[in-house]
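Here's the structure, in structure tokens; my notes come after.
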Amino acid sequence: MNFEWSIIWRSREALLEGTLTTVLLSVVTMTIAIAGGMLLALMRLSRWRALSASSAAFVEFFRNLPLILVVYWAFYVLPELTGWQLDAFSTGLVALSLNVSAYNAETFRAGIMSIRKGQGEAALTLGMSEVQAMWHVVLPQAVRRVVPVLASTWISLFKDTSLVSVIGVSELAHVSLEIRAQSFRVLEMLTAMAAIYWALGYPQAKLVDWINRRYGHTE
Amino acid sequence: MNPVIEYRAVCKNYGSFVALRDVSFSVSKGEVVCLIGPSGSGKSTLLRCTNGLEQISGGAILLDGAPLPQTRAGMRAVRQRMGMVFQNFELFPHRSVFANVMMGPLTVLRMDHAAARARAEALLDKVGLADKAASMPAALSGGQQQRVAIARALAMEPAVMLFDEPTSALDPETIGEVLSVMKRLADEGMTMIVVTHEMTFARRVADRVVVFERGGVLLEQGPPRQIFDAPLMERTRDFLSHLDWSG
């Protein structure tokens, strides 16, 4: 068997672009999904049945579907339903955001519910409205408490972005697999892909460990 | 003198469980009323109904002669006039002592920062914790935390202070410092309703003691001298005699 490791160096620009796309996709997805997850969590805990029921339906729907199915669904069905023709990147972004928002919603909800009832009551007895009590007292504590969970969701998301390669988003996995298909350098390209994912993922995982130690167990 | 708070045949049920049964008494301005009685006799529930954390099932609670409002906005206005101190302090652990005391004035009264700061400084000084302003609540002892909680409630300049077993979660050696702050407040003329198991405090500070018994029934009320030395009801004597361990 002969190897041709130089293919990796020759493909460096494409690989770098793919890597940047992966990072961008992860960052934008997480930004949307933190806002979306928070909104869904607050809807879920709302007094209004219509809000909490629709949030519950959304979360249970997207949390229990395989991500790859959501990706295909966003690619084939969403344009039919909405009439929007999105590019591959945006389509992948929609699919990932739906999925991660559902997860974050459960994370935030658990965080909010883990805050002692007396905290909200103490805020109310000062004369705060329920919105003020949530904003000034409950949410800041809840968010702090779920930082470790959000961090590990982030790690999963970073790797799961590779799933949108199936609809042709030029992120790292897609780029690597394309080069492999054109050059037939399977082992080399898979190795390169693994090395890049690992090199980016490992420091993040270490960072998450540190976050867990920092925020993991405080009242 | 017109009562500040008046309870008229207040009832509270949780399903078929009766927490309060036809409780009636009133609290005048400047009066210190201690509620005593065994656990589960509805004392804390009555406090929580007083500022709308729980809804009464029957009867009425009047503040300055007017029934407690039914609207959220109305209840919020009422709560601003009633400070509440909890058994577990319930300081906001993510904010400094200073920020805890300023929270009400800043968010509810929309006071400007300098004024809120001045008020918080004065109150922390009053409870003897001026030097702890920058600390986080977790760095304080239980007694210190409870004193901050009292300052936080006072920052809204309430007309009435409600204390829900303020010393029950404290180490014995820090109970005294909290009771001293409460005594000073009473001496300044604050209207106070105190749910407590501290009989010495009730005897020395209360103007009136209200005794509850299991089932949420008001057993009797009167000045501390009467309740502790010559209770009218046999069951009051029973309850008080069980507080002292006699071996």
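Letters A, B, ... go to the chains of the structure tokens in the order shown; residues in each chain start at 1; ligands are counted from 1 in the same order.
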When you get a sec, could you note down which chain A residues fall within 10 Å of chain B, using only C-alpha atoms, as a tab-separated table (two decimals) with all heavy atoms, in the first residue's frame?
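Produced file selection19.tsv, reproduced below:
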chain	number	residue	atom	x	y	z
A	116	ARG	N	-34.53	27.33	44.07
A	116	ARG	CA	-35.51	27.22	45.16
A	116	ARG	C	-36.67	28.19	44.98
A	116	ARG	O	-36.47	29.34	44.61
A	116	ARG	CB	-34.83	27.56	46.49
A	116	ARG	CG	-34.36	26.42	47.30
A	116	ARG	CD	-34.30	26.78	48.79
A	116	ARG	NE	-33.79	28.12	49.06
A	116	ARG	CZ	-32.52	28.41	49.27
A	116	ARG	NH1	-31.62	27.45	49.26
A	116	ARG	NH2	-32.14	29.64	49.52
A	117	LYS	N	-37.87	27.72	45.29
A	117	LYS	CA	-39.07	28.52	45.14
A	117	LYS	C	-38.97	29.80	45.98
A	117	LYS	O	-39.44	30.85	45.58
A	117	LYS	CB	-40.28	27.68	45.58
A	117	LYS	CG	-41.61	28.22	45.19
A	117	LYS	CD	-42.65	27.09	45.16
A	117	LYS	CE	-44.04	27.61	45.47
A	117	LYS	NZ	-44.36	27.64	46.92
A	118	GLY	N	-38.32	29.70	47.13
A	118	GLY	CA	-38.19	30.85	48.03
A	118	GLY	C	-37.47	32.02	47.39
A	118	GLY	O	-37.69	33.17	47.77
A	119	GLN	N	-36.59	31.76	46.42
A	119	GLN	CA	-35.88	32.85	45.75
A	119	GLN	C	-36.85	33.75	45.00
A	119	GLN	O	-36.79	34.97	45.12
A	119	GLN	CB	-34.82	32.28	44.80
A	119	GLN	CG	-33.60	31.75	45.51
A	119	GLN	CD	-32.75	32.88	46.05
A	119	GLN	OE1	-32.28	33.72	45.31
A	119	GLN	NE2	-32.55	32.90	47.35
A	120	GLY	N	-37.71	33.13	44.22
A	120	GLY	CA	-38.72	33.91	43.49
A	120	GLY	C	-39.65	34.61	44.46
A	120	GLY	O	-40.02	35.78	44.26
A	121	GLU	N	-39.99	33.92	45.56
A	121	GLU	CA	-40.89	34.52	46.54
A	121	GLU	C	-40.25	35.73	47.22
A	121	GLU	O	-40.91	36.73	47.47
A	121	GLU	CB	-41.29	33.48	47.59
A	121	GLU	CG	-42.22	32.42	47.04
A	121	GLU	CD	-42.62	31.37	48.07
A	121	GLU	OE1	-42.02	31.33	49.16
A	121	GLU	OE2	-43.54	30.60	47.77
A	122	ALA	N	-38.95	35.60	47.52
A	122	ALA	CA	-38.26	36.73	48.14
A	122	ALA	C	-38.30	37.94	47.22
A	122	ALA	O	-38.47	39.08	47.67
A	122	ALA	CB	-36.82	36.35	48.46
A	123	ALA	N	-38.14	37.70	45.92
A	123	ALA	CA	-38.20	38.80	44.96
A	123	ALA	C	-39.61	39.40	44.92
A	123	ALA	O	-39.77	40.62	44.93
A	123	ALA	CB	-37.79	38.32	43.57
A	124	LEU	N	-40.62	38.52	44.91
A	124	LEU	CA	-42.00	39.02	44.86
A	124	LEU	C	-42.34	39.83	46.11
A	124	LEU	O	-43.03	40.84	46.03
A	124	LEU	CB	-42.99	37.85	44.74
A	124	LEU	CG	-42.99	37.08	43.42
A	124	LEU	CD1	-44.01	35.96	43.48
A	124	LEU	CD2	-43.29	38.00	42.24
A	125	THR	N	-41.84	39.38	47.27
A	125	THR	CA	-42.20	40.10	48.50
A	125	THR	C	-41.56	41.49	48.55
A	125	THR	O	-42.01	42.34	49.29
A	125	THR	CB	-41.78	39.34	49.79
A	125	THR	OG1	-40.41	39.02	49.70
A	125	THR	CG2	-42.59	38.09	49.96
A	126	LEU	N	-40.51	41.71	47.75
A	126	LEU	CA	-39.97	43.07	47.66
A	126	LEU	C	-40.88	43.96	46.82
A	126	LEU	O	-40.70	45.17	46.77
A	126	LEU	CB	-38.57	43.04	47.03
A	126	LEU	CG	-37.43	42.51	47.90
A	126	LEU	CD1	-36.14	42.47	47.09
A	126	LEU	CD2	-37.24	43.37	49.13
A	127	GLY	N	-41.84	43.33	46.15
A	127	GLY	CA	-42.75	44.10	45.30
A	127	GLY	C	-42.43	43.97	43.82
A	127	GLY	O	-43.00	44.68	42.99
A	128	MET	N	-41.51	43.07	43.48
A	128	MET	CA	-41.20	42.89	42.06
A	128	MET	C	-42.36	42.21	41.34
A	128	MET	O	-43.11	41.44	41.93
A	128	MET	CB	-39.96	41.99	41.90
A	128	MET	CG	-38.66	42.65	42.26
A	128	MET	SD	-37.29	41.58	41.72
A	128	MET	CE	-36.00	42.18	42.80
A	129	SER	N	-42.45	42.48	40.03
A	129	SER	CA	-43.38	41.73	39.19
A	129	SER	C	-42.77	40.35	38.93
A	129	SER	O	-41.59	40.13	39.19
A	129	SER	CB	-43.60	42.46	37.87
A	129	SER	OG	-42.40	42.44	37.12
A	130	GLU	N	-43.58	39.45	38.39
A	130	GLU	CA	-43.04	38.12	38.11
A	130	GLU	C	-41.94	38.18	37.07
A	130	GLU	O	-40.97	37.43	37.12
A	130	GLU	CB	-44.16	37.18	37.68
A	130	GLU	CG	-45.05	36.83	38.86
A	130	GLU	CD	-46.17	35.88	38.51
A	130	GLU	OE1	-45.97	35.01	37.65
A	130	GLU	OE2	-47.26	36.04	39.08
A	132	GLN	N	-39.86	40.73	36.59
A	132	GLN	CA	-38.66	41.24	37.26
A	132	GLN	C	-38.01	40.16	38.12
A	132	GLN	O	-36.78	40.03	38.14
A	132	GLN	CB	-39.02	42.43	38.15
A	132	GLN	CG	-39.32	43.71	37.38
A	132	GLN	CD	-39.77	44.83	38.30
A	132	GLN	OE1	-40.50	44.60	39.26
A	132	GLN	NE2	-39.34	46.05	38.01
A	133	ALA	N	-38.83	39.38	38.83
A	133	ALA	CA	-38.29	38.32	39.68
A	133	ALA	C	-37.53	37.31	38.83
A	133	ALA	O	-36.44	36.85	39.19
A	133	ALA	CB	-39.41	37.63	40.45
A	136	HIS	N	-34.25	39.33	37.31
A	136	HIS	CA	-33.20	39.78	38.23
A	136	HIS	C	-32.73	38.68	39.18
A	136	HIS	O	-31.61	38.74	39.68
A	136	HIS	CB	-33.69	40.97	39.07
A	136	HIS	CG	-33.88	42.22	38.28
A	136	HIS	ND1	-32.82	42.96	37.80
A	136	HIS	CD2	-35.00	42.86	37.86
A	136	HIS	CE1	-33.28	44.00	37.13
A	136	HIS	NE2	-34.61	43.96	37.14
A	137	VAL	N	-33.59	37.72	39.47
A	137	VAL	CA	-33.26	36.78	40.54
A	137	VAL	C	-33.14	35.33	40.04
A	137	VAL	O	-32.13	34.67	40.28
A	137	VAL	CB	-34.31	36.86	41.68
A	137	VAL	CG1	-34.07	35.78	42.72
A	137	VAL	CG2	-34.27	38.24	42.32
A	138	VAL	N	-34.15	34.85	39.33
A	138	VAL	CA	-34.15	33.42	38.98
A	138	VAL	C	-33.22	33.11	37.81
A	138	VAL	O	-32.36	32.24	37.91
A	138	VAL	CB	-35.59	32.93	38.70
A	138	VAL	CG1	-35.58	31.46	38.31
A	138	VAL	CG2	-36.48	33.15	39.92
A	140	PRO	N	-30.57	34.69	36.34
A	140	PRO	CA	-29.11	34.75	36.49
A	140	PRO	C	-28.55	33.51	37.20
A	140	PRO	O	-27.49	33.01	36.85
A	140	PRO	CB	-28.88	36.00	37.33
A	140	PRO	CG	-30.10	36.84	37.15
A	140	PRO	CD	-31.23	35.88	36.92
A	141	GLN	N	-29.29	33.03	38.21
A	141	GLN	CA	-28.83	31.84	38.93
A	141	GLN	C	-28.99	30.58	38.08
A	141	GLN	O	-28.14	29.70	38.09
A	141	GLN	CB	-29.61	31.67	40.23
A	141	GLN	CG	-29.44	32.82	41.19
A	141	GLN	CD	-30.21	32.58	42.48
A	141	GLN	OE1	-29.97	31.61	43.18
A	141	GLN	NE2	-31.16	33.44	42.77
A	144	ARG	N	-26.30	30.38	35.31
A	144	ARG	CA	-25.01	29.99	35.88
A	144	ARG	C	-24.98	28.48	36.15
A	144	ARG	O	-23.99	27.82	35.92
A	144	ARG	CB	-24.82	30.73	37.20
A	144	ARG	CG	-23.49	31.42	37.31
A	144	ARG	CD	-23.53	32.42	38.43
A	144	ARG	NE	-24.14	33.66	37.98
A	144	ARG	CZ	-23.79	34.85	38.46
A	144	ARG	NH1	-22.86	34.94	39.39
A	144	ARG	NH2	-24.36	35.95	38.00
A	219	GLU	N	-23.86	26.25	45.27
A	219	GLU	CA	-25.27	26.51	45.61
A	219	GLU	C	-25.70	27.78	44.90
A	219	GLU	O	-25.01	28.76	44.86
A	219	GLU	CB	-25.43	26.61	47.13
A	219	GLU	CG	-26.53	27.53	47.61
A	219	GLU	CD	-27.94	27.04	47.31
A	219	GLU	OE1	-28.17	26.52	46.21
A	219	GLU	OE2	-28.80	27.19	48.15
Ser57 of chain B surroundings by only C-alpha atoms, 12 Å radius, close-in-sequence under 3 positions cut, as a list in words: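 Near neighbours after the sequence-gap exclusion: Ala9, Val10, Cys11, Lys12, Asn13, Tyr14, Gly15, Ser16, Phe17, Val18, Ala19, Leu20, Arg21, Asp22, Val23, Thr45, Leu46, Cys49, Gly52, Glu54, Ala60 and Ile61 of chain B.
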Written selection (N, CA, C and O atoms) as a short mmCIF file (atom, residue, chain, number, x, y, z; two decimals), in the first residue's frame:
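Heads up, here's the output in part_5.cif:
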data_model
loop_
_atom_site.label_atom_id
_atom_site.label_comp_id
_atom_site.auth_asym_id
_atom_site.auth_seq_id
_atom_site.Cartn_x
_atom_site.Cartn_y
_atom_site.Cartn_z
N ALA B 9 -62.07 36.09 60.17
CA ALA B 9 -62.52 34.72 59.88
C ALA B 9 -61.76 34.10 58.71
O ALA B 9 -62.34 33.53 57.80
N VAL B 10 -60.42 34.25 58.74
CA VAL B 10 -59.62 33.76 57.62
C VAL B 10 -59.58 32.23 57.61
O VAL B 10 -59.32 31.59 58.63
N CYS B 11 -59.88 31.66 56.45
CA CYS B 11 -59.79 30.21 56.26
C CYS B 11 -58.82 29.93 55.12
O CYS B 11 -58.73 30.70 54.18
N LYS B 12 -58.12 28.83 55.26
CA LYS B 12 -57.25 28.39 54.17
C LYS B 12 -57.26 26.87 54.11
O LYS B 12 -56.95 26.19 55.10
N ASN B 13 -57.64 26.34 52.96
CA ASN B 13 -57.62 24.88 52.77
C ASN B 13 -56.66 24.54 51.65
O ASN B 13 -56.52 25.30 50.70
N TYR B 14 -56.01 23.40 51.78
CA TYR B 14 -55.31 22.80 50.64
C TYR B 14 -56.07 21.52 50.32
O TYR B 14 -55.89 20.52 51.02
N GLY B 15 -56.96 21.57 49.35
CA GLY B 15 -57.83 20.42 49.11
C GLY B 15 -58.68 20.20 50.34
O GLY B 15 -59.36 21.12 50.80
N SER B 16 -58.61 19.02 50.93
CA SER B 16 -59.44 18.76 52.10
C SER B 16 -58.69 19.08 53.39
O SER B 16 -59.25 19.02 54.48
N PHE B 17 -57.39 19.46 53.25
CA PHE B 17 -56.61 19.77 54.44
C PHE B 17 -56.89 21.21 54.88
O PHE B 17 -56.80 22.14 54.08
N VAL B 18 -57.24 21.37 56.14
CA VAL B 18 -57.54 22.71 56.65
C VAL B 18 -56.29 23.28 57.32
O VAL B 18 -55.82 22.74 58.33
N ALA B 19 -55.76 24.36 56.77
CA ALA B 19 -54.56 24.97 57.33
C ALA B 19 -54.90 26.10 58.30
O ALA B 19 -54.21 26.32 59.28
N LEU B 20 -55.99 26.81 58.01
CA LEU B 20 -56.45 27.89 58.89
C LEU B 20 -57.97 27.83 58.99
O LEU B 20 -58.65 27.67 57.98
N ARG B 21 -58.47 27.96 60.22
CA ARG B 21 -59.92 27.85 60.40
C ARG B 21 -60.43 29.07 61.17
O ARG B 21 -60.15 29.23 62.35
N ASP B 22 -61.12 29.95 60.46
CA ASP B 22 -61.80 31.09 61.09
C ASP B 22 -60.90 31.90 62.02
O ASP B 22 -61.24 32.15 63.17
N VAL B 23 -59.76 32.30 61.50
CA VAL B 23 -58.82 33.05 62.34
C VAL B 23 -59.15 34.54 62.29
O VAL B 23 -59.24 35.13 61.21
N THR B 45 -48.47 29.87 57.31
CA THR B 45 -49.46 30.01 56.24
C THR B 45 -50.16 31.36 56.34
O THR B 45 -50.38 32.04 55.34
N LEU B 46 -50.47 31.77 57.58
CA LEU B 46 -51.15 33.05 57.77
C LEU B 46 -50.27 34.20 57.29
O LEU B 46 -50.75 35.12 56.61
N CYS B 49 -50.26 34.23 53.55
CA CYS B 49 -51.51 34.77 53.01
C CYS B 49 -51.55 36.29 53.14
O CYS B 49 -52.13 36.99 52.32
N GLY B 52 -49.91 37.70 50.22
CA GLY B 52 -50.37 37.20 48.93
C GLY B 52 -49.50 36.11 48.30
O GLY B 52 -49.65 35.81 47.12
N GLU B 54 -49.80 33.18 49.28
CA GLU B 54 -50.87 32.18 49.21
C GLU B 54 -52.19 32.94 49.19
O GLU B 54 -52.30 34.02 49.74
N ALA B 60 -61.47 37.37 55.24
CA ALA B 60 -60.84 38.53 54.61
C ALA B 60 -59.61 38.98 55.40
O ALA B 60 -59.55 38.79 56.62
N ILE B 61 -58.64 39.50 54.68
CA ILE B 61 -57.50 40.15 55.32
C ILE B 61 -57.52 41.61 54.88
O ILE B 61 -57.58 41.90 53.68
#
Expected answer as a ChimeraX atom specification: strand (DSSP E) residues in segment 5-244 of chain B: /B:5-14,17-28,32-36,58-63,66-67,82-85,160-164,191-195,208-213,217-222
For atom CA of Glu171 of chain A and atom CA of Leu24 of chain A, the interatomic separation in Å (one decimal):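 Distance between the two atoms: 9.3 Å.
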Polymer residues at most 9 Å from Ser165 of chain A, only C-alpha atoms, same-chain spacing of 5 or more positions, as a list in words: Gly92, Ser170, Glu171, Leu172, Ala173, His174, Val175 and Leu177 of chain A
Convert the current residue selection to file output with all heavy atoms, as a short mmCIF file (atom, residue, chain, number, x, y, z; two decimals), in the first residue's frame.
data_model
loop_
_atom_site.label_atom_id
_atom_site.label_comp_id
_atom_site.auth_asym_id
_atom_site.auth_seq_id
_atom_site.Cartn_x
_atom_site.Cartn_y
_atom_site.Cartn_z
N GLY A 92 -28.84 24.07 6.59
CA GLY A 92 -28.19 23.34 7.67
C GLY A 92 -28.33 24.07 9.00
O GLY A 92 -28.59 23.47 10.04
N SER A 170 -20.53 23.13 2.65
CA SER A 170 -19.09 22.88 2.53
C SER A 170 -18.39 23.07 3.85
O SER A 170 -17.51 23.94 3.97
CB SER A 170 -18.45 23.80 1.50
OG SER A 170 -19.34 24.10 0.49
N GLU A 171 -18.76 22.31 4.84
CA GLU A 171 -18.03 22.35 6.09
C GLU A 171 -16.95 21.28 6.04
O GLU A 171 -16.76 20.61 5.03
CB GLU A 171 -18.97 22.24 7.31
CG GLU A 171 -20.08 21.23 7.23
CD GLU A 171 -19.55 19.84 7.20
OE1 GLU A 171 -19.03 19.35 8.22
OE2 GLU A 171 -19.64 19.24 6.09
N LEU A 172 -16.26 21.11 7.14
CA LEU A 172 -15.06 20.28 7.15
C LEU A 172 -15.30 18.85 6.65
O LEU A 172 -14.54 18.34 5.81
CB LEU A 172 -14.49 20.27 8.57
CG LEU A 172 -13.23 19.42 8.78
CD1 LEU A 172 -12.11 19.83 7.83
CD2 LEU A 172 -12.77 19.55 10.23
N ALA A 173 -16.36 18.21 7.11
CA ALA A 173 -16.60 16.82 6.70
C ALA A 173 -16.87 16.73 5.20
O ALA A 173 -16.31 15.89 4.50
CB ALA A 173 -17.78 16.25 7.49
N HIS A 174 -17.71 17.64 4.72
CA HIS A 174 -18.07 17.62 3.32
C HIS A 174 -16.85 17.85 2.43
O HIS A 174 -16.61 17.12 1.46
CB HIS A 174 -19.14 18.68 3.05
CG HIS A 174 -19.68 18.64 1.66
ND1 HIS A 174 -19.29 19.52 0.68
CD2 HIS A 174 -20.56 17.79 1.07
CE1 HIS A 174 -19.92 19.23 -0.44
NE2 HIS A 174 -20.70 18.17 -0.24
N VAL A 175 -16.06 18.84 2.77
CA VAL A 175 -14.86 19.17 2.00
C VAL A 175 -13.91 17.97 1.97
O VAL A 175 -13.44 17.55 0.90
CB VAL A 175 -14.16 20.40 2.59
CG1 VAL A 175 -12.76 20.58 2.01
CG2 VAL A 175 -15.00 21.65 2.36
N LEU A 177 -14.55 14.80 2.44
CA LEU A 177 -15.10 13.66 1.72
C LEU A 177 -15.11 13.91 0.21
O LEU A 177 -14.94 12.99 -0.58
CB LEU A 177 -16.52 13.34 2.24
CG LEU A 177 -16.55 12.94 3.72
CD1 LEU A 177 -17.99 12.76 4.20
CD2 LEU A 177 -15.74 11.68 3.98
#
Ala130 of chain B environment, 12 Å, only C-alpha atoms, sequence neighbours closer than 5 positions dropped, as a PyMOL selection string: chain B and resi 97-98+101+117-125+135+144+147-148+151
Using only C-alpha atoms: which of A:Leu150, A:Ile115, A:Ala88, A:Met189 has the shortest distance to Gly168 of chain A: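 Comparing A:Leu150, A:Ile115, A:Ala88, A:Met189 against Gly168 of chain A, the winner is A:Ala88.
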Helix (DSSP H, G or I) per DSSP on the backbone: members of chain A, as a ChimeraX atom specification: /A:6-10,12-44,49-63,67-82,88-114,117-125,130-167,172-183,186-215
Among the residues A:Ala195, A:Met134, A:Ala105, A:Val169, the one that comes closest to Glu17 of chain A [using only C-alpha atoms]: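 Ranking A:Ala195, A:Met134, A:Ala105, A:Val169 by distance to Glu17 of chain A, first place goes to A:Val169.
Proximity ranking of A:Ala151, A:Leu96, A:Met38, A:Ala199 relative to Tyr72 of chain A places A:Leu96 first, based on only C-alpha atoms.
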May I have the residues within 10 Å of Met182 of chain B as a CSV table (one decimal) with all heavy atoms, in the first residue's frame, using only C-alpha atoms and disregarding those fewer than 3 positions away in the same chain?
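That gives us around-v2.csv:
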chain,number,residue,atom,x,y,z
B,127,VAL,N,-27.9,47.3,60.9
B,127,VAL,CA,-27.9,45.9,61.4
B,127,VAL,C,-26.5,45.5,61.7
B,127,VAL,O,-26.2,44.3,61.9
B,127,VAL,CB,-28.5,45.0,60.3
B,127,VAL,CG1,-30.0,45.3,60.1
B,127,VAL,CG2,-27.7,45.0,59.0
B,147,ARG,N,-29.5,39.1,59.1
B,147,ARG,CA,-29.5,40.5,59.3
B,147,ARG,C,-29.5,41.3,58.0
B,147,ARG,O,-30.2,42.3,57.9
B,147,ARG,CB,-28.3,40.9,60.2
B,147,ARG,CG,-28.5,40.5,61.7
B,147,ARG,CD,-27.5,41.1,62.5
B,147,ARG,NE,-26.2,40.3,62.5
B,147,ARG,CZ,-25.0,40.8,62.7
B,147,ARG,NH1,-24.9,42.1,63.1
B,147,ARG,NH2,-24.0,40.0,62.7
B,150,ILE,N,-33.0,41.2,56.7
B,150,ILE,CA,-33.8,42.2,57.4
B,150,ILE,C,-33.6,43.6,56.8
B,150,ILE,O,-34.5,44.4,56.4
B,150,ILE,CB,-33.5,42.3,58.9
B,150,ILE,CG1,-34.0,41.0,59.6
B,150,ILE,CG2,-34.2,43.5,59.6
B,150,ILE,CD1,-33.6,40.8,61.0
B,161,MET,N,-43.6,44.7,59.1
B,161,MET,CA,-42.6,43.6,58.9
B,161,MET,C,-43.2,42.3,59.3
B,161,MET,O,-43.7,42.1,60.4
B,161,MET,CB,-41.3,43.9,59.6
B,161,MET,CG,-40.4,45.0,59.0
B,161,MET,SD,-39.6,44.5,57.5
B,161,MET,CE,-38.2,43.5,58.2
B,163,PHE,N,-42.2,38.4,59.9
B,163,PHE,CA,-41.0,37.5,60.2
B,163,PHE,C,-41.5,36.0,60.3
B,163,PHE,O,-42.3,35.7,61.1
B,163,PHE,CB,-40.3,37.8,61.5
B,163,PHE,CG,-39.6,39.2,61.5
B,163,PHE,CD1,-40.3,40.3,61.8
B,163,PHE,CD2,-38.3,39.3,61.2
B,163,PHE,CE1,-39.7,41.6,61.8
B,163,PHE,CE2,-37.6,40.5,61.2
B,163,PHE,CZ,-38.3,41.7,61.5
B,166,PRO,N,-37.7,33.6,61.9
B,166,PRO,CA,-36.4,34.1,61.4
B,166,PRO,C,-35.2,33.5,62.1
B,166,PRO,O,-34.1,33.7,61.5
B,166,PRO,CB,-36.5,35.6,61.8
B,166,PRO,CG,-37.5,35.6,62.9
B,166,PRO,CD,-38.5,34.6,62.6
B,176,GLY,N,-29.0,35.3,68.9
B,176,GLY,CA,-29.1,36.5,69.7
B,176,GLY,C,-28.9,37.8,68.8
B,176,GLY,O,-29.7,38.8,69.0
B,177,GLU,N,-27.9,37.8,67.9
B,177,GLU,CA,-27.7,39.0,67.1
B,177,GLU,C,-28.9,39.4,66.2
B,177,GLU,O,-29.1,40.6,66.0
B,177,GLU,CB,-26.4,38.8,66.3
B,177,GLU,CG,-26.5,37.7,65.2
B,177,GLU,CD,-25.1,37.3,64.6
B,177,GLU,OE1,-24.2,37.0,65.4
B,177,GLU,OE2,-25.0,37.4,63.4
B,178,VAL,N,-29.6,38.3,65.8
B,178,VAL,CA,-30.8,38.6,64.9
B,178,VAL,C,-31.9,39.1,65.8
B,178,VAL,O,-32.6,40.1,65.5
B,178,VAL,CB,-31.2,37.3,64.2
B,178,VAL,CG1,-32.6,37.6,63.5
B,178,VAL,CG2,-30.2,36.9,63.2
B,179,LEU,N,-32.1,38.5,67.0
B,179,LEU,CA,-33.2,38.9,67.9
B,179,LEU,C,-32.9,40.4,68.4
B,179,LEU,O,-33.9,41.2,68.5
B,179,LEU,CB,-33.3,38.0,69.1
B,179,LEU,CG,-33.8,36.6,68.7
B,179,LEU,CD1,-33.8,35.7,70.0
B,179,LEU,CD2,-35.1,36.6,68.0
B,185,LEU,N,-35.7,47.2,66.2
B,185,LEU,CA,-36.8,47.6,65.3
B,185,LEU,C,-38.1,47.8,66.0
B,185,LEU,O,-38.8,48.8,65.7
B,185,LEU,CB,-36.9,46.4,64.2
B,185,LEU,CG,-37.3,46.8,62.8
B,185,LEU,CD1,-36.4,47.9,62.3
B,185,LEU,CD2,-37.2,45.5,62.0
B,186,ALA,N,-38.4,46.9,66.9
B,186,ALA,CA,-39.6,47.0,67.7
B,186,ALA,C,-39.6,48.3,68.5
B,186,ALA,O,-40.6,49.0,68.6
B,186,ALA,CB,-39.8,45.8,68.6
B,187,ASP,N,-38.5,48.5,69.1
B,187,ASP,CA,-38.4,49.7,70.0
B,187,ASP,C,-38.5,51.0,69.2
B,187,ASP,O,-39.0,52.0,69.7
B,187,ASP,CB,-37.0,49.8,70.7
B,187,ASP,CG,-36.8,48.6,71.7
B,187,ASP,OD1,-37.9,48.1,72.1
B,187,ASP,OD2,-35.7,48.3,72.1
B,188,GLU,N,-38.2,50.9,67.9
B,188,GLU,CA,-38.3,52.1,67.0
B,188,GLU,C,-39.8,52.3,66.6
B,188,GLU,O,-40.1,53.3,65.9
B,188,GLU,CB,-37.4,52.0,65.8
B,188,GLU,CG,-36.0,52.2,66.1
B,188,GLU,CD,-35.1,51.8,64.9
B,188,GLU,OE1,-35.6,51.6,63.8
B,188,GLU,OE2,-33.8,51.7,65.1
B,190,MET,N,-41.7,49.9,64.9
B,190,MET,CA,-42.1,49.2,63.7
B,190,MET,C,-43.3,48.2,64.0
B,190,MET,O,-43.3,47.6,65.1
B,190,MET,CB,-40.9,48.3,63.1
B,190,MET,CG,-41.3,47.4,62.0
B,190,MET,SD,-41.8,48.3,60.5
B,190,MET,CE,-40.3,48.9,59.8
B,192,MET,N,-44.9,44.8,63.7
B,192,MET,CA,-44.3,43.5,63.4
B,192,MET,C,-45.2,42.3,63.7
B,192,MET,O,-45.8,42.3,64.7
B,192,MET,CB,-42.9,43.3,64.2
B,192,MET,CG,-41.9,44.3,63.7
B,192,MET,SD,-40.5,44.5,64.9
B,192,MET,CE,-39.9,42.9,65.1
B,194,VAL,N,-44.6,38.3,64.1
B,194,VAL,CA,-43.4,37.4,64.1
B,194,VAL,C,-43.9,36.0,64.5
B,194,VAL,O,-44.4,35.8,65.5
B,194,VAL,CB,-42.4,37.9,65.2
B,194,VAL,CG1,-41.2,37.0,65.2
B,194,VAL,CG2,-42.1,39.4,65.1
B,201,PHE,N,-38.0,35.8,73.4
B,201,PHE,CA,-38.2,37.0,72.6
B,201,PHE,C,-39.7,37.4,72.7
B,201,PHE,O,-40.0,38.6,72.9
B,201,PHE,CB,-37.8,36.7,71.1
B,201,PHE,CG,-38.1,37.8,70.2
B,201,PHE,CD1,-37.2,38.9,70.1
B,201,PHE,CD2,-39.3,37.9,69.5
B,201,PHE,CE1,-37.4,39.9,69.2
B,201,PHE,CE2,-39.5,38.9,68.6
B,201,PHE,CZ,-38.6,40.0,68.5
B,205,VAL,N,-40.4,41.0,74.1
B,205,VAL,CA,-40.6,42.0,73.0
B,205,VAL,C,-42.1,42.2,72.6
B,205,VAL,O,-42.5,43.3,72.2
B,205,VAL,CB,-39.7,41.8,71.8
B,205,VAL,CG1,-39.8,42.8,70.7
B,205,VAL,CG2,-38.2,41.7,72.3
